[in-house]
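Here's the structure we're looking at; comments come further down.
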Amino acid sequence: MSSSLSVVYLIFTEGSSASSGDDLIRLDLASEAQRLARVLTRLVPDEPEAHGLLALLELTAARFPARTGPDGEPVLLEHQDRRRWDRAAIRRGRAALARAQVGRGLGAYGLQAAIAECHAVAPSIDTTNWERVVLIYEALGRLAP
């Protein structure tokens, strides 16, 4: 299972920050990775890390509409217009994260999704729960140094 999750994550990563081409985001790859993650959660509904991966992908993709400016250049998180974030994707990501938290605890994808959730629910960069972000990063560092 972990190999399948890793492949889906790598596909999404290439879609969210393309290593070549003119576009920063390749929606075709990112969307396909999200679709595959949904398939995996249906195939193994009791696997928390599959839900953690889906949560991470949804919460990350929710920011896509604000990640680039009109010229296609990247927009840093602190400068993104959060009103442009996809609220439906945030809801789906939060639901998947809640599902991932059932059972043995969050794995690496679930912890990354929890960090993304901190950003997704904060109205601004200044109101982000940075103490929680640091705690989650510390847990992630222990799990996946």
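Ligands are numbered from 1 in the order shown, chains are lettered A, B, ... in the order of the structure tokens, and residues start at 1 in each chain.
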
For segment 3-46 of chain A against segment 105-118 of chain A, with a cut-off of 10 Å and counting only C-alpha atoms, what is the closest atom pair and its distance in Å to one decimal for every residue that makes the cut, ordered by chain and number, as a Markdown table?
| residue | atom | partner | partner_atom | distance |
| --- | --- | --- | --- | --- |
| A:Leu5 | CA | A:Tyr109 | CA | 9.1 |
| A:Ser6 | CA | A:Tyr109 | CA | 9.6 |
| A:Tyr9 | CA | A:Tyr109 | CA | 9.0 |

Could you save the residues just selected, with C-alpha atoms, as a compact mmCIF listing (two decimals), in the first residue's frame?
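Saved to selection_11.txt:
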# COMPACT_ATOMS: atom_id res chain seq x y z
CA LEU A 5 0.47 5.98 -1.99
CA SER A 6 3.99 7.15 -2.80
CA TYR A 9 1.91 11.50 -4.11

If you count only C-alpha atoms, which residues fall within 10 Å of segment 85-96 of chain A, apart from same-chain ones fewer than 2 positions away, as a VMD selection string? chain A and resid 38 41 48 to 67 80 to 83 98 to 101 110 113 to 114 116 to 117 120 to 121

Which residues come within 9 Å of Gly72 of chain A, counting only C-alpha atoms, excluding same-chain residues fewer than 4 positions away, as number ranges by chain? A: 22-24, 67-68

Residues from last step as file, N, CA and C atoms, as a tab-separated table (two decimals), in the first residue's frame:
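As a result, result06.tsv now contains:
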chain	number	residue	atom	x	y	z
A	22	ASP	N	5.83	25.40	-19.31
A	22	ASP	CA	5.56	26.81	-19.05
A	22	ASP	C	4.68	27.08	-17.83
A	23	ASP	N	3.93	26.08	-17.40
A	23	ASP	CA	2.98	26.27	-16.31
A	23	ASP	C	3.52	25.73	-14.99
A	24	LEU	N	3.33	26.48	-13.93
A	24	LEU	CA	3.75	26.03	-12.60
A	24	LEU	C	2.92	24.83	-12.16
A	67	ARG	N	-2.43	30.29	-6.33
A	67	ARG	CA	-0.98	30.04	-6.31
A	67	ARG	C	-0.21	30.73	-7.41
A	68	THR	N	-0.90	31.18	-8.44
A	68	THR	CA	-0.21	31.90	-9.51
A	68	THR	C	-0.93	33.21	-9.79

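If you measure from each of A:Ala30, A:Ala139, A:Leu77, A:Arg104 to His119 of chain A using only C-alpha atoms, the closest one turns out to be A:Leu77.
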
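The interatomic distance for the pair atom CA of Asp46 of chain A and atom CA of Met1 of chain A works out to 11.9 Å.
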
Between A:Glu138, A:Ser3, A:Pro74, A:Glu131, single out the one closest to Ala18 of chain A, counting only C-alpha atoms. A:Pro74

I'd like the neighbourhood of Arg26 of chain A as number ranges by chain, where a residue qualifies if any of its atoms comes within 9 Å (using only C-alpha atoms), though same-chain residues fewer than 6 positions away should be ignored. A: 12, 14-18

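Using only C-alpha atoms, the smallest distance between any of A:Pro145, A:Ser2, A:Val44, A:Glu78 and Asp126 of chain A comes from A:Glu78.
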
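Atom CA of Val39 of chain A lies 11.2 Å from atom CA of Ser4 of chain A.
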
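Atom pair atom CA of Thr13 of chain A / atom CA of Ile125 of chain A: separated by 23.0 Å.
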